[in-house]
>>> print(open('entry.cif').read())   # mmCIF, N, CA and C atoms
data_query
loop_
_atom_site.label_atom_id
_atom_site.label_comp_id
_atom_site.auth_asym_id
_atom_site.auth_seq_id
_atom_site.Cartn_x
_atom_site.Cartn_y
_atom_site.Cartn_z
N MET K 1 -40.20 7.79 13.02
CA MET K 1 -40.70 7.27 11.77
C MET K 1 -40.67 5.76 11.84
N ASN K 2 -41.73 5.11 11.46
CA ASN K 2 -41.81 3.66 11.43
C ASN K 2 -41.55 3.17 10.01
N LEU K 3 -40.54 2.35 9.89
CA LEU K 3 -40.22 1.76 8.60
C LEU K 3 -40.93 0.42 8.50
N PRO K 4 -41.34 0.04 7.30
CA PRO K 4 -41.96 -1.28 7.13
C PRO K 4 -40.99 -2.37 7.56
N ASP K 5 -41.52 -3.42 8.14
CA ASP K 5 -40.71 -4.52 8.64
C ASP K 5 -40.96 -5.75 7.79
N PRO K 6 -39.95 -6.19 7.01
CA PRO K 6 -40.14 -7.37 6.17
C PRO K 6 -40.36 -8.62 6.99
N ALA K 7 -39.83 -8.68 8.20
CA ALA K 7 -40.00 -9.86 9.04
C ALA K 7 -41.44 -9.98 9.54
N ALA K 8 -42.15 -8.84 9.63
CA ALA K 8 -43.54 -8.86 10.12
C ALA K 8 -44.52 -9.16 8.99
N GLY K 9 -44.02 -9.38 7.80
CA GLY K 9 -44.90 -9.74 6.69
C GLY K 9 -45.52 -8.55 5.98
N ASP K 10 -44.97 -7.34 6.16
CA ASP K 10 -45.51 -6.17 5.46
C ASP K 10 -45.40 -6.39 3.96
N ALA K 11 -46.45 -6.09 3.26
CA ALA K 11 -46.50 -6.29 1.81
C ALA K 11 -45.56 -5.33 1.09
N ASP K 12 -45.09 -5.73 -0.05
CA ASP K 12 -44.22 -4.93 -0.91
C ASP K 12 -42.94 -4.46 -0.22
N VAL K 13 -42.46 -5.22 0.73
CA VAL K 13 -41.23 -4.85 1.44
C VAL K 13 -40.18 -5.91 1.15
N GLN K 14 -39.02 -5.41 0.73
CA GLN K 14 -37.91 -6.30 0.45
C GLN K 14 -36.85 -6.10 1.53
N PRO K 15 -36.24 -7.17 2.00
CA PRO K 15 -35.16 -6.98 2.98
C PRO K 15 -33.99 -6.23 2.32
N ILE K 16 -33.28 -5.43 3.11
CA ILE K 16 -32.15 -4.65 2.62
C ILE K 16 -30.87 -5.37 3.04
N VAL K 17 -30.02 -5.61 2.09
CA VAL K 17 -28.72 -6.20 2.37
C VAL K 17 -27.70 -5.07 2.24
N ALA K 18 -26.81 -4.94 3.24
CA ALA K 18 -25.89 -3.80 3.29
C ALA K 18 -24.95 -3.75 2.09
N ASP K 19 -24.66 -4.88 1.48
CA ASP K 19 -23.75 -4.87 0.34
C ASP K 19 -24.43 -4.49 -0.97
N GLU K 20 -25.74 -4.32 -0.95
CA GLU K 20 -26.48 -3.97 -2.16
C GLU K 20 -27.05 -2.57 -2.02
N PRO K 21 -27.16 -1.83 -3.13
CA PRO K 21 -27.80 -0.52 -3.03
C PRO K 21 -29.28 -0.71 -2.67
N PRO K 22 -29.88 0.26 -1.96
CA PRO K 22 -31.27 0.12 -1.54
C PRO K 22 -32.24 0.17 -2.73
N PRO K 23 -33.40 -0.45 -2.58
CA PRO K 23 -34.39 -0.41 -3.65
C PRO K 23 -34.94 1.01 -3.82
N GLY K 24 -35.48 1.30 -4.99
CA GLY K 24 -35.93 2.65 -5.31
C GLY K 24 -37.34 2.99 -4.87
N ASN K 25 -38.07 2.11 -4.20
CA ASN K 25 -39.46 2.38 -3.86
C ASN K 25 -39.66 2.77 -2.39
N LEU K 26 -38.66 3.38 -1.75
CA LEU K 26 -38.77 3.78 -0.36
C LEU K 26 -38.92 5.30 -0.25
N PRO K 27 -39.53 5.79 0.82
CA PRO K 27 -39.59 7.24 1.05
C PRO K 27 -38.17 7.82 1.11
N SER K 28 -38.03 9.09 0.76
CA SER K 28 -36.70 9.70 0.63
C SER K 28 -35.90 9.66 1.93
N VAL K 29 -36.52 9.85 3.09
CA VAL K 29 -35.78 9.80 4.36
C VAL K 29 -35.28 8.39 4.62
N ALA K 30 -36.14 7.41 4.41
CA ALA K 30 -35.73 6.02 4.61
C ALA K 30 -34.65 5.64 3.60
N LEU K 31 -34.80 6.11 2.39
CA LEU K 31 -33.80 5.83 1.36
C LEU K 31 -32.45 6.43 1.75
N ALA K 32 -32.46 7.65 2.25
CA ALA K 32 -31.22 8.30 2.68
C ALA K 32 -30.57 7.53 3.83
N MET K 33 -31.39 7.05 4.77
CA MET K 33 -30.86 6.28 5.90
C MET K 33 -30.23 4.98 5.40
N LEU K 34 -30.86 4.33 4.47
CA LEU K 34 -30.34 3.08 3.94
C LEU K 34 -29.07 3.32 3.12
N GLU K 35 -29.04 4.44 2.40
CA GLU K 35 -27.82 4.77 1.65
C GLU K 35 -26.66 5.02 2.61
N ASP K 36 -26.95 5.67 3.75
CA ASP K 36 -25.91 5.89 4.75
C ASP K 36 -25.42 4.57 5.33
N LEU K 37 -26.33 3.65 5.59
CA LEU K 37 -25.94 2.33 6.08
C LEU K 37 -25.06 1.63 5.04
N HIS K 38 -25.45 1.77 3.79
CA HIS K 38 -24.67 1.16 2.71
C HIS K 38 -23.26 1.76 2.66
N ARG K 39 -23.16 3.09 2.79
CA ARG K 39 -21.86 3.75 2.79
C ARG K 39 -21.01 3.28 3.97
N ALA K 40 -21.62 3.19 5.14
CA ALA K 40 -20.89 2.74 6.33
C ALA K 40 -20.37 1.32 6.14
N GLU K 41 -21.19 0.44 5.56
CA GLU K 41 -20.76 -0.93 5.31
C GLU K 41 -19.62 -0.95 4.29
N GLN K 42 -19.70 -0.11 3.27
CA GLN K 42 -18.62 -0.04 2.29
C GLN K 42 -17.33 0.47 2.93
N ALA K 43 -17.44 1.42 3.86
CA ALA K 43 -16.26 1.92 4.57
C ALA K 43 -15.63 0.82 5.42
N ARG K 44 -16.46 0.03 6.11
CA ARG K 44 -15.94 -1.11 6.89
C ARG K 44 -15.28 -2.12 5.97
N GLN K 45 -15.87 -2.36 4.83
CA GLN K 45 -15.32 -3.32 3.88
C GLN K 45 -13.97 -2.85 3.34
N ALA K 46 -13.81 -1.54 3.18
CA ALA K 46 -12.53 -1.01 2.70
C ALA K 46 -11.40 -1.38 3.65
N LEU K 47 -11.67 -1.33 4.95
CA LEU K 47 -10.65 -1.70 5.94
C LEU K 47 -10.35 -3.19 5.86
N HIS K 48 -11.38 -3.98 5.65
CA HIS K 48 -11.19 -5.42 5.52
C HIS K 48 -10.41 -5.75 4.25
N ASP K 49 -10.75 -5.08 3.15
CA ASP K 49 -10.10 -5.33 1.87
C ASP K 49 -8.64 -4.89 1.86
N ALA K 50 -8.29 -3.91 2.69
CA ALA K 50 -6.93 -3.38 2.72
C ALA K 50 -5.94 -4.38 3.32
N GLY K 51 -6.45 -5.45 3.90
CA GLY K 51 -5.56 -6.45 4.48
C GLY K 51 -5.00 -5.98 5.80
N GLU K 52 -3.76 -6.22 6.00
CA GLU K 52 -3.10 -5.91 7.26
C GLU K 52 -2.79 -4.41 7.33
N ILE K 53 -3.58 -3.67 8.09
CA ILE K 53 -3.42 -2.22 8.21
C ILE K 53 -2.04 -1.87 8.77
N GLN K 54 -1.58 -2.61 9.75
CA GLN K 54 -0.28 -2.32 10.37
C GLN K 54 0.85 -2.43 9.34
N THR K 55 0.78 -3.42 8.47
CA THR K 55 1.80 -3.57 7.44
C THR K 55 1.83 -2.36 6.53
N TRP K 56 0.66 -1.88 6.13
CA TRP K 56 0.61 -0.69 5.28
C TRP K 56 1.11 0.54 6.02
N ALA K 57 0.80 0.65 7.31
CA ALA K 57 1.28 1.80 8.10
C ALA K 57 2.81 1.81 8.13
N VAL K 58 3.41 0.63 8.29
CA VAL K 58 4.87 0.54 8.29
C VAL K 58 5.42 0.93 6.92
N ARG K 59 4.80 0.43 5.85
CA ARG K 59 5.27 0.79 4.50
C ARG K 59 5.24 2.30 4.28
N PHE K 60 4.11 2.91 4.63
CA PHE K 60 4.01 4.35 4.42
C PHE K 60 4.95 5.12 5.34
N GLY K 61 5.20 4.58 6.53
CA GLY K 61 6.18 5.20 7.42
C GLY K 61 7.57 5.17 6.82
N LEU K 62 7.93 4.04 6.21
CA LEU K 62 9.23 3.94 5.55
C LEU K 62 9.35 4.92 4.39
N LEU K 63 8.27 5.07 3.65
CA LEU K 63 8.27 6.00 2.52
C LEU K 63 8.21 7.46 2.98
N GLY K 64 7.81 7.69 4.22
CA GLY K 64 7.66 9.04 4.73
C GLY K 64 8.98 9.71 5.11
N ASP K 65 10.04 8.94 5.18
CA ASP K 65 11.36 9.49 5.47
C ASP K 65 12.05 9.85 4.16
N GLU K 66 12.49 11.08 4.03
CA GLU K 66 13.05 11.56 2.77
C GLU K 66 14.27 10.75 2.32
N ASN K 67 15.17 10.44 3.26
CA ASN K 67 16.37 9.69 2.88
C ASN K 67 16.03 8.26 2.44
N ARG K 68 15.12 7.61 3.16
CA ARG K 68 14.74 6.25 2.75
C ARG K 68 14.02 6.28 1.40
N LEU K 69 13.21 7.30 1.17
CA LEU K 69 12.53 7.41 -0.11
C LEU K 69 13.54 7.61 -1.24
N LYS K 70 14.53 8.46 -1.03
CA LYS K 70 15.58 8.64 -2.03
C LYS K 70 16.28 7.31 -2.33
N ILE K 71 16.59 6.58 -1.28
CA ILE K 71 17.26 5.29 -1.45
C ILE K 71 16.38 4.33 -2.24
N LEU K 72 15.09 4.27 -1.90
CA LEU K 72 14.19 3.36 -2.61
C LEU K 72 14.05 3.75 -4.08
N LEU K 73 13.96 5.04 -4.35
CA LEU K 73 13.88 5.48 -5.75
C LEU K 73 15.15 5.11 -6.51
N ALA K 74 16.31 5.27 -5.86
CA ALA K 74 17.57 4.93 -6.51
C ALA K 74 17.67 3.41 -6.71
N LEU K 75 17.27 2.63 -5.71
CA LEU K 75 17.30 1.17 -5.84
C LEU K 75 16.34 0.69 -6.92
N HIS K 76 15.22 1.37 -7.04
CA HIS K 76 14.25 0.99 -8.06
C HIS K 76 14.85 1.18 -9.45
N ARG K 77 15.56 2.27 -9.62
CA ARG K 77 16.14 2.59 -10.93
C ARG K 77 17.42 1.80 -11.19
N ALA K 78 18.17 1.49 -10.12
CA ALA K 78 19.47 0.82 -10.29
C ALA K 78 19.61 -0.34 -9.31
N PRO K 79 18.81 -1.40 -9.49
CA PRO K 79 18.93 -2.54 -8.57
C PRO K 79 20.32 -3.16 -8.67
N GLY K 80 20.82 -3.64 -7.54
CA GLY K 80 22.15 -4.25 -7.52
C GLY K 80 23.26 -3.27 -7.23
N ILE K 81 22.91 -2.04 -6.85
CA ILE K 81 23.91 -1.02 -6.55
C ILE K 81 24.54 -1.30 -5.18
N THR K 82 25.78 -0.90 -5.02
CA THR K 82 26.47 -1.08 -3.74
C THR K 82 26.18 0.12 -2.83
N VAL K 83 26.47 -0.05 -1.54
CA VAL K 83 26.19 1.02 -0.57
C VAL K 83 26.95 2.29 -0.92
N GLY K 84 28.22 2.16 -1.25
CA GLY K 84 29.03 3.35 -1.56
C GLY K 84 28.49 4.11 -2.76
N ASP K 85 28.14 3.39 -3.81
CA ASP K 85 27.60 4.04 -4.99
C ASP K 85 26.22 4.63 -4.72
N LEU K 86 25.43 3.90 -3.94
CA LEU K 86 24.10 4.39 -3.58
C LEU K 86 24.20 5.67 -2.75
N ALA K 87 25.09 5.66 -1.77
CA ALA K 87 25.28 6.85 -0.92
C ALA K 87 25.68 8.05 -1.76
N ALA K 88 26.61 7.85 -2.69
CA ALA K 88 27.05 8.95 -3.55
C ALA K 88 25.90 9.44 -4.43
N ALA K 89 25.11 8.50 -4.93
CA ALA K 89 24.01 8.87 -5.83
C ALA K 89 22.94 9.70 -5.13
N VAL K 90 22.66 9.40 -3.85
CA VAL K 90 21.58 10.11 -3.14
C VAL K 90 22.10 11.23 -2.24
N GLY K 91 23.43 11.44 -2.24
CA GLY K 91 24.00 12.54 -1.47
C GLY K 91 24.04 12.30 0.03
N MET K 92 24.34 11.06 0.42
CA MET K 92 24.43 10.71 1.84
C MET K 92 25.81 10.13 2.12
N SER K 93 26.17 10.08 3.39
CA SER K 93 27.40 9.37 3.75
C SER K 93 27.14 7.87 3.65
N ASP K 94 28.22 7.11 3.53
CA ASP K 94 28.09 5.64 3.49
C ASP K 94 27.40 5.14 4.75
N ASN K 95 27.77 5.73 5.89
CA ASN K 95 27.21 5.30 7.17
C ASN K 95 25.70 5.57 7.23
N ALA K 96 25.28 6.74 6.79
CA ALA K 96 23.85 7.09 6.81
C ALA K 96 23.06 6.20 5.84
N ALA K 97 23.64 5.93 4.68
CA ALA K 97 22.97 5.05 3.72
C ALA K 97 22.86 3.63 4.28
N SER K 98 23.94 3.14 4.92
CA SER K 98 23.91 1.82 5.53
C SER K 98 22.85 1.73 6.61
N HIS K 99 22.75 2.78 7.41
CA HIS K 99 21.74 2.81 8.48
C HIS K 99 20.33 2.75 7.90
N ALA K 100 20.07 3.53 6.86
CA ALA K 100 18.75 3.54 6.23
C ALA K 100 18.45 2.18 5.57
N LEU K 101 19.44 1.60 4.92
CA LEU K 101 19.26 0.29 4.30
C LEU K 101 18.99 -0.78 5.35
N SER K 102 19.62 -0.66 6.48
CA SER K 102 19.37 -1.62 7.57
C SER K 102 17.93 -1.57 8.03
N ALA K 103 17.40 -0.37 8.17
CA ALA K 103 15.99 -0.22 8.57
C ALA K 103 15.07 -0.80 7.51
N LEU K 104 15.37 -0.55 6.24
CA LEU K 104 14.56 -1.08 5.15
C LEU K 104 14.66 -2.61 5.07
N ARG K 105 15.86 -3.14 5.33
CA ARG K 105 16.05 -4.59 5.31
C ARG K 105 15.29 -5.25 6.45
N MET K 106 15.34 -4.66 7.64
CA MET K 106 14.63 -5.22 8.79
C MET K 106 13.12 -5.21 8.56
N ALA K 107 12.63 -4.28 7.78
CA ALA K 107 11.21 -4.20 7.45
C ALA K 107 10.84 -5.13 6.30
N GLY K 108 11.83 -5.79 5.70
CA GLY K 108 11.55 -6.72 4.61
C GLY K 108 11.34 -6.06 3.27
N VAL K 109 11.80 -4.84 3.13
CA VAL K 109 11.57 -4.07 1.90
C VAL K 109 12.70 -4.25 0.90
N VAL K 110 13.92 -4.41 1.41
CA VAL K 110 15.09 -4.58 0.54
C VAL K 110 15.88 -5.80 1.00
N THR K 111 16.75 -6.24 0.13
CA THR K 111 17.66 -7.33 0.46
C THR K 111 19.01 -7.05 -0.19
N ALA K 112 20.03 -7.70 0.35
CA ALA K 112 21.38 -7.56 -0.20
C ALA K 112 21.89 -8.93 -0.62
N ALA K 113 22.53 -8.97 -1.76
CA ALA K 113 23.15 -10.20 -2.24
C ALA K 113 24.67 -9.98 -2.24
N ARG K 114 25.39 -10.95 -1.73
CA ARG K 114 26.86 -10.88 -1.70
C ARG K 114 27.41 -11.02 -3.12
N ASP K 115 28.39 -10.16 -3.40
CA ASP K 115 29.10 -10.22 -4.68
C ASP K 115 30.58 -9.96 -4.35
N GLY K 116 31.28 -11.02 -3.99
CA GLY K 116 32.66 -10.86 -3.53
C GLY K 116 32.67 -10.10 -2.22
N ARG K 117 33.36 -8.99 -2.19
CA ARG K 117 33.40 -8.19 -0.96
C ARG K 117 32.29 -7.14 -0.90
N PHE K 118 31.45 -7.10 -1.92
CA PHE K 118 30.37 -6.11 -1.98
C PHE K 118 29.02 -6.75 -1.64
N ARG K 119 28.11 -5.92 -1.22
CA ARG K 119 26.71 -6.31 -1.07
C ARG K 119 25.92 -5.47 -2.05
N ARG K 120 25.14 -6.13 -2.87
CA ARG K 120 24.34 -5.44 -3.88
C ARG K 120 22.89 -5.44 -3.44
N TRP K 121 22.32 -4.25 -3.38
CA TRP K 121 20.99 -4.04 -2.79
C TRP K 121 19.90 -3.96 -3.85
N SER K 122 18.72 -4.47 -3.50
CA SER K 122 17.56 -4.37 -4.38
C SER K 122 16.28 -4.41 -3.55
N ILE K 123 15.21 -3.93 -4.15
CA ILE K 123 13.89 -3.90 -3.51
C ILE K 123 13.25 -5.28 -3.65
N THR K 124 12.69 -5.79 -2.56
CA THR K 124 12.02 -7.09 -2.58
C THR K 124 10.52 -6.99 -2.30
N ASP K 125 10.07 -5.88 -1.76
CA ASP K 125 8.65 -5.72 -1.41
C ASP K 125 7.89 -5.25 -2.65
N HIS K 126 7.02 -6.12 -3.16
CA HIS K 126 6.30 -5.82 -4.40
C HIS K 126 5.33 -4.64 -4.26
N GLU K 127 4.73 -4.47 -3.08
CA GLU K 127 3.82 -3.34 -2.88
C GLU K 127 4.57 -2.02 -2.91
N ILE K 128 5.75 -1.98 -2.28
CA ILE K 128 6.58 -0.77 -2.34
C ILE K 128 6.96 -0.49 -3.79
N HIS K 129 7.33 -1.54 -4.50
CA HIS K 129 7.68 -1.40 -5.92
C HIS K 129 6.51 -0.80 -6.70
N ASP K 130 5.30 -1.30 -6.46
CA ASP K 130 4.12 -0.76 -7.15
C ASP K 130 3.84 0.69 -6.77
N ILE K 131 4.05 1.03 -5.50
CA ILE K 131 3.85 2.42 -5.06
C ILE K 131 4.84 3.33 -5.77
N LEU K 132 6.08 2.89 -5.89
CA LEU K 132 7.08 3.70 -6.60
C LEU K 132 6.67 3.93 -8.05
N HIS K 133 6.10 2.91 -8.67
CA HIS K 133 5.57 3.10 -10.04
C HIS K 133 4.44 4.13 -10.04
N ALA K 134 3.58 4.05 -9.04
CA ALA K 134 2.42 4.94 -8.98
C ALA K 134 2.83 6.41 -8.84
N VAL K 135 3.99 6.66 -8.21
CA VAL K 135 4.45 8.04 -8.07
C VAL K 135 5.38 8.46 -9.20
N GLY K 136 5.51 7.59 -10.20
CA GLY K 136 6.24 7.98 -11.40
C GLY K 136 7.67 7.50 -11.49
N ALA K 137 8.11 6.63 -10.58
CA ALA K 137 9.47 6.11 -10.67
C ALA K 137 9.60 5.24 -11.90
N SER K 138 10.68 5.44 -12.62
CA SER K 138 10.88 4.67 -13.85
C SER K 138 12.02 3.68 -13.68
N HIS K 139 12.11 2.77 -14.63
CA HIS K 139 13.17 1.77 -14.62
C HIS K 139 14.28 2.19 -15.57
N SER K 140 15.41 1.57 -15.38
CA SER K 140 16.51 1.72 -16.33
C SER K 140 16.71 0.35 -16.98
N THR K 141 17.69 0.25 -17.82
CA THR K 141 17.99 -1.04 -18.46
C THR K 141 18.56 -2.03 -17.45
N LEU K 142 18.92 -1.55 -16.25
CA LEU K 142 19.45 -2.43 -15.20
C LEU K 142 18.34 -3.22 -14.51
N HIS K 143 17.11 -2.75 -14.63
CA HIS K 143 16.00 -3.36 -13.90
C HIS K 143 15.48 -4.59 -14.66
N PRO K 144 15.26 -5.70 -13.93
CA PRO K 144 14.72 -6.88 -14.61
C PRO K 144 13.30 -6.62 -15.09
N ASP K 145 12.94 -7.30 -16.18
CA ASP K 145 11.58 -7.17 -16.71
C ASP K 145 10.56 -7.69 -15.71
N HIS K 146 9.39 -7.06 -15.71
CA HIS K 146 8.25 -7.56 -14.93
C HIS K 146 6.97 -7.12 -15.57
#
>>> encode(input="entry.cif", output="structure tokens")
Amino acid sequence: MNLPDPAAGDADVQPIVADEPPPGNLPSVALAMLEDLHRAEQARQALHDAGEIQTWAVRFGLLGDENRLKILLALHRAPGITVGDLAAAVGMSDNAASHALSALRMAGVVTAARDGRFRRWSITDHEIHDILHAVGASHSTLHPDH
């Protein structure tokens, strides 16, 4: 099938830009082809708009572990909790909770603040925080306003 070529000066032909929907005056097969091109461009744009894909893969990997997810949900609800209290709240040993918190800290998702002999943990990654909201995690009166 030969499509009209706007560069060759064909009359009544408008150039197609991938970011715009195709014009309505094309034959149905050509229109379908252009719509597919538009969809493909939108799919490529989605990857560009998502930013750093590797960063998101790491975030979802962290959330994919049941124990780390429990810890993040508990930290979201009770920021500033200590390891011992966190471990008891999520049903883990202190050692297992510390190990999971270490992985989350190395990924930049949580941080600990010294409080005498204790370390108080909280979530620092805003995207993780937003994801927790999206899955229904709620705040308590311990959580700072945002």
>>> residues_near_point(input="entry.cif", point="(11.3, -1.0, -1.7)", cutoff="7 Å", atoms="all atoms listed in the file", output="number ranges by chain")
K: 72, 109-110, 122-129
>>> atom_distance(input="entry.cif", atom1="atom CA of K:Arg39", atom2="atom CA of K:Arg59")
27.3 Å
>>> atom_distance(input="entry.cif", atom1="atom CA of K:Ala103", atom2="atom C of K:Leu62")
9.4 Å
>>> axis_aligned_box(input="entry.cif", around="stretch 40-43 of chain K", padding_each_side="8 Å", output="AutoDock Vina command-line options")
--center_x -18.6 --center_y 1.1 --center_z 4.3 --size_x 22.0 --size_y 20.1 --size_z 20.0
>>> atom_distance(input="entry.cif", atom1="atom C of K:Ala78", atom2="atom N of K:Ile53")
29.2 Å
>>> closest_atom_pairs(input="entry.cif", of="stretch 48-80 of chain K", to="stretch 88-94 of chain K", cutoff="8 Å", atoms="all atoms listed in the file", output="JSON lines")
{"residue": "K:Asn67", "atom": "CA", "partner": "K:Val90", "partner_atom": "C", "distance": 7.8}
{"residue": "K:Lys70", "atom": "C", "partner": "K:Val90", "partner_atom": "CA", "distance": 6.0}
{"residue": "K:Ile71", "atom": "N", "partner": "K:Val90", "partner_atom": "CA", "distance": 6.4}
{"residue": "K:Ala74", "atom": "CA", "partner": "K:Val90", "partner_atom": "N", "distance": 7.3}
>>> write_last_selection(input="entry.cif", atoms="N, CA and C atoms", output="JSON list (two decimals), in the coordinates of the input")
[["chain", "number", "residue", "atom", "x", "y", "z"],
["K", 67, "ASN", "N", 15.17, 10.44, 3.26],
["K", 67, "ASN", "CA", 16.37, 9.69, 2.88],
["K", 67, "ASN", "C", 16.03, 8.26, 2.44],
["K", 70, "LYS", "N", 14.53, 8.46, -1.03],
["K", 70, "LYS", "CA", 15.58, 8.64, -2.03],
["K", 70, "LYS", "C", 16.28, 7.31, -2.33],
["K", 71, "ILE", "N", 16.59, 6.58, -1.28],
["K", 71, "ILE", "CA", 17.26, 5.29, -1.45],
["K", 71, "ILE", "C", 16.38, 4.33, -2.24],
["K", 74, "ALA", "N", 16.31, 5.27, -5.86],
["K", 74, "ALA", "CA", 17.57, 4.93, -6.51],
["K", 74, "ALA", "C", 17.67, 3.41, -6.71]]
>>> select_by_dssp(input="entry.cif", residues="stretch 12-143 of chain K", states="alpha helix (DSSP H)", output="ChimeraX atom specification")
/K:28-49,53-63,66-77,83-90,94-106,126-134
>>> resolve_selection(input="entry.cif", expression="the PyMOL selection byres ((chain K and resi 80) around 6)", output="ChimeraX atom specification")
/K:78-79,81-82,120-122
>>> resolve_selection(input="entry.cif", expression="the PyMOL selection byres (((chain K and resi 77 and name CA) around 8) and name CA)", output="PyMOL selection string")
chain K and resi 73-76+78-79+137-140+142-143
>>> closest_residue(input="entry.cif", among="K:Arg119, K:Arg68, K:Leu47, K:Leu132", to="K:Leu104", atoms="all atoms listed in the file")
K:Arg68
>>> decode(input="entry.cif", residues="stretch 114-127 of chain K", atoms="N, CA and C atoms", output="short mmCIF file (atom, residue, chain, number, x, y, z; two decimals), in the first residue's frame")
data_model
loop_
_atom_site.label_atom_id
_atom_site.label_comp_id
_atom_site.auth_asym_id
_atom_site.auth_seq_id
_atom_site.Cartn_x
_atom_site.Cartn_y
_atom_site.Cartn_z
N ARG K 114 20.03 8.63 66.39
CA ARG K 114 20.47 8.26 67.74
C ARG K 114 19.62 8.97 68.78
N ASP K 115 19.23 8.20 69.79
CA ASP K 115 18.49 8.75 70.93
C ASP K 115 19.07 8.07 72.17
N GLY K 116 20.15 8.63 72.69
CA GLY K 116 20.84 7.98 73.80
C GLY K 116 21.45 6.68 73.33
N ARG K 117 21.08 5.60 73.96
CA ARG K 117 21.61 4.29 73.53
C ARG K 117 20.74 3.61 72.47
N PHE K 118 19.66 4.26 72.07
CA PHE K 118 18.75 3.69 71.09
C PHE K 118 18.94 4.33 69.72
N ARG K 119 18.52 3.61 68.72
CA ARG K 119 18.42 4.14 67.36
C ARG K 119 16.95 4.09 66.99
N ARG K 120 16.43 5.22 66.57
CA ARG K 120 15.02 5.32 66.21
C ARG K 120 14.91 5.39 64.69
N TRP K 121 14.12 4.48 64.14
CA TRP K 121 14.06 4.28 62.69
C TRP K 121 12.86 4.97 62.07
N SER K 122 13.04 5.46 60.85
CA SER K 122 11.94 6.06 60.09
C SER K 122 12.20 5.93 58.60
N ILE K 123 11.14 6.05 57.83
CA ILE K 123 11.21 5.98 56.36
C ILE K 123 11.66 7.33 55.82
N THR K 124 12.61 7.31 54.90
CA THR K 124 13.10 8.56 54.29
C THR K 124 12.80 8.64 52.79
N ASP K 125 12.47 7.52 52.17
CA ASP K 125 12.21 7.50 50.72
C ASP K 125 10.75 7.90 50.48
N HIS K 126 10.55 9.05 49.86
CA HIS K 126 9.20 9.58 49.65
C HIS K 126 8.38 8.71 48.70
N GLU K 127 9.01 8.10 47.71
CA GLU K 127 8.26 7.24 46.79
C GLU K 127 7.75 5.99 47.49
#
